[in-house]
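Shown next, in structure tokens, is the structure this report addresses.
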Amino acid sequence: MPKVLLYITAKVMWLFLFYNKDFNENRAHVHVGKKDTQTLCKIWLEPTVEIAK
């Protein structure tokens, strides 16, 4: 999965990435999570920015 952004703070590294298998989705989105964890959050980017779940 390609990384869009790696944001590093003093305590946490955040990953912003997308999956190439999300071709069934009709809205642009990005997955966000902390580095070295399995939990990711999906954030819709259009028509407005919102969290999917």
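So you can find residues: chains in the structure tokens are A, B, ... in the order shown, residues in each start at 1, and ligands are numbered from 1 in order.
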
Can you pull out the residues contacting segment 11-15 of chain A? Cut-off 12 Å, using only C-alpha atoms, and skip same-chain residues under 5 positions away; I want them as a list in words.
Met1, Pro2, Lys3, Val4, Leu5, Leu6, Val30, His31, Val32, Gly33, Lys34, Lys35, Asp36, Thr37, Gln38, Thr39, Leu40, Cys41 and Lys42 of chain A

Output for the residues just chosen: N, CA and C atoms as a PDB file, in the first residue's frame:
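Dumped to result15.pdb:
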ATOM      1  N   MET A   1       0.834  -1.174   0.000  1.00  0.00           N
ATOM      2  CA  MET A   1       0.000   0.000   0.000  1.00  0.00           C
ATOM      3  C   MET A   1       0.878   1.237   0.000  1.00  0.00           C
ATOM      4  N   PRO A   2       0.678   2.106  -0.924  1.00  0.00           N
ATOM      5  CA  PRO A   2       1.499   3.315  -1.045  1.00  0.00           C
ATOM      6  C   PRO A   2       1.215   4.329   0.050  1.00  0.00           C
ATOM      7  N   LYS A   3       2.272   4.916   0.567  1.00  0.00           N
ATOM      8  CA  LYS A   3       2.137   5.971   1.569  1.00  0.00           C
ATOM      9  C   LYS A   3       1.958   7.306   0.881  1.00  0.00           C
ATOM     10  N   VAL A   4       0.994   8.077   1.383  1.00  0.00           N
ATOM     11  CA  VAL A   4       0.783   9.417   0.869  1.00  0.00           C
ATOM     12  C   VAL A   4       1.590  10.399   1.701  1.00  0.00           C
ATOM     13  N   LEU A   5       1.621  10.160   3.015  1.00  0.00           N
ATOM     14  CA  LEU A   5       2.290  11.078   3.935  1.00  0.00           C
ATOM     15  C   LEU A   5       2.713  10.330   5.175  1.00  0.00           C
ATOM     16  N   LEU A   6       3.850  10.642   5.723  1.00  0.00           N
ATOM     17  CA  LEU A   6       4.303  10.146   7.012  1.00  0.00           C
ATOM     18  C   LEU A   6       4.539  11.370   7.884  1.00  0.00           C
ATOM     19  N   VAL A  30      -8.790   8.428   2.154  1.00  0.00           N
ATOM     20  CA  VAL A  30      -7.444   8.050   2.576  1.00  0.00           C
ATOM     21  C   VAL A  30      -7.579   7.315   3.905  1.00  0.00           C
ATOM     22  N   HIS A  31      -6.672   6.374   4.145  1.00  0.00           N
ATOM     23  CA  HIS A  31      -6.646   5.642   5.405  1.00  0.00           C
ATOM     24  C   HIS A  31      -5.562   6.260   6.286  1.00  0.00           C
ATOM     25  N   VAL A  32      -5.878   6.441   7.573  1.00  0.00           N
ATOM     26  CA  VAL A  32      -4.955   7.091   8.505  1.00  0.00           C
ATOM     27  C   VAL A  32      -4.796   6.201   9.728  1.00  0.00           C
ATOM     28  N   GLY A  33      -3.555   6.084  10.221  1.00  0.00           N
ATOM     29  CA  GLY A  33      -3.307   5.295  11.417  1.00  0.00           C
ATOM     30  C   GLY A  33      -1.941   5.579  11.992  1.00  0.00           C
ATOM     31  N   LYS A  34      -1.740   5.111  13.212  1.00  0.00           N
ATOM     32  CA  LYS A  34      -0.435   5.239  13.857  1.00  0.00           C
ATOM     33  C   LYS A  34       0.494   4.167  13.312  1.00  0.00           C
ATOM     34  N   LYS A  35       1.753   4.498  13.211  1.00  0.00           N
ATOM     35  CA  LYS A  35       2.744   3.540  12.719  1.00  0.00           C
ATOM     36  C   LYS A  35       2.855   2.377  13.696  1.00  0.00           C
ATOM     37  N   ASP A  36       3.049   1.185  13.186  1.00  0.00           N
ATOM     38  CA  ASP A  36       3.198  -0.049  13.956  1.00  0.00           C
ATOM     39  C   ASP A  36       1.916  -0.479  14.653  1.00  0.00           C
ATOM     40  N   THR A  37       0.756  -0.077  14.140  1.00  0.00           N
ATOM     41  CA  THR A  37      -0.527  -0.586  14.627  1.00  0.00           C
ATOM     42  C   THR A  37      -1.311  -1.136  13.448  1.00  0.00           C
ATOM     43  N   GLN A  38      -2.271  -1.973  13.713  1.00  0.00           N
ATOM     44  CA  GLN A  38      -3.081  -2.574  12.659  1.00  0.00           C
ATOM     45  C   GLN A  38      -4.377  -1.811  12.428  1.00  0.00           C
ATOM     46  N   THR A  39      -4.725  -0.874  13.307  1.00  0.00           N
ATOM     47  CA  THR A  39      -5.985  -0.157  13.208  1.00  0.00           C
ATOM     48  C   THR A  39      -5.835   1.075  12.323  1.00  0.00           C
ATOM     49  N   LEU A  40      -6.709   1.176  11.337  1.00  0.00           N
ATOM     50  CA  LEU A  40      -6.710   2.327  10.440  1.00  0.00           C
ATOM     51  C   LEU A  40      -8.107   2.938  10.419  1.00  0.00           C
ATOM     52  N   CYS A  41      -8.168   4.191  10.151  1.00  0.00           N
ATOM     53  CA  CYS A  41      -9.413   4.931  10.045  1.00  0.00           C
ATOM     54  C   CYS A  41      -9.532   5.412   8.606  1.00  0.00           C
ATOM     55  N   LYS A  42     -10.752   5.337   8.049  1.00  0.00           N
ATOM     56  CA  LYS A  42     -10.980   5.808   6.683  1.00  0.00           C
ATOM     57  C   LYS A  42     -11.570   7.215   6.750  1.00  0.00           C
TER      58      LYS A  42
END

Skip Asn26 of chain A itself and residues of its chain fewer than 5 positions away, then list as a tab-separated table (two decimals) with C-alpha atoms, in the first residue's frame all residues within 12 Å of it, counting only C-alpha atoms.
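Heads up, here's the output in out.tsv:
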chain	number	residue	atom	x	y	z
A	44	TRP	CA	-13.59	10.62	3.05
A	45	LEU	CA	-12.15	13.55	1.12
A	46	GLU	CA	-15.13	14.42	-1.09
A	47	PRO	CA	-17.67	15.96	-1.26

What does the distance from atom CA of Glu25 of chain A to atom CA of Ile43 of chain A come to in Å, to one decimal?
12.2 Å

Would you work out the distance separating atom CA of Ile51 of chain A from atom CA of Arg27 of chain A, expressed in Å to one decimal?
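That distance, rounded to one decimal, is 12.3 Å.
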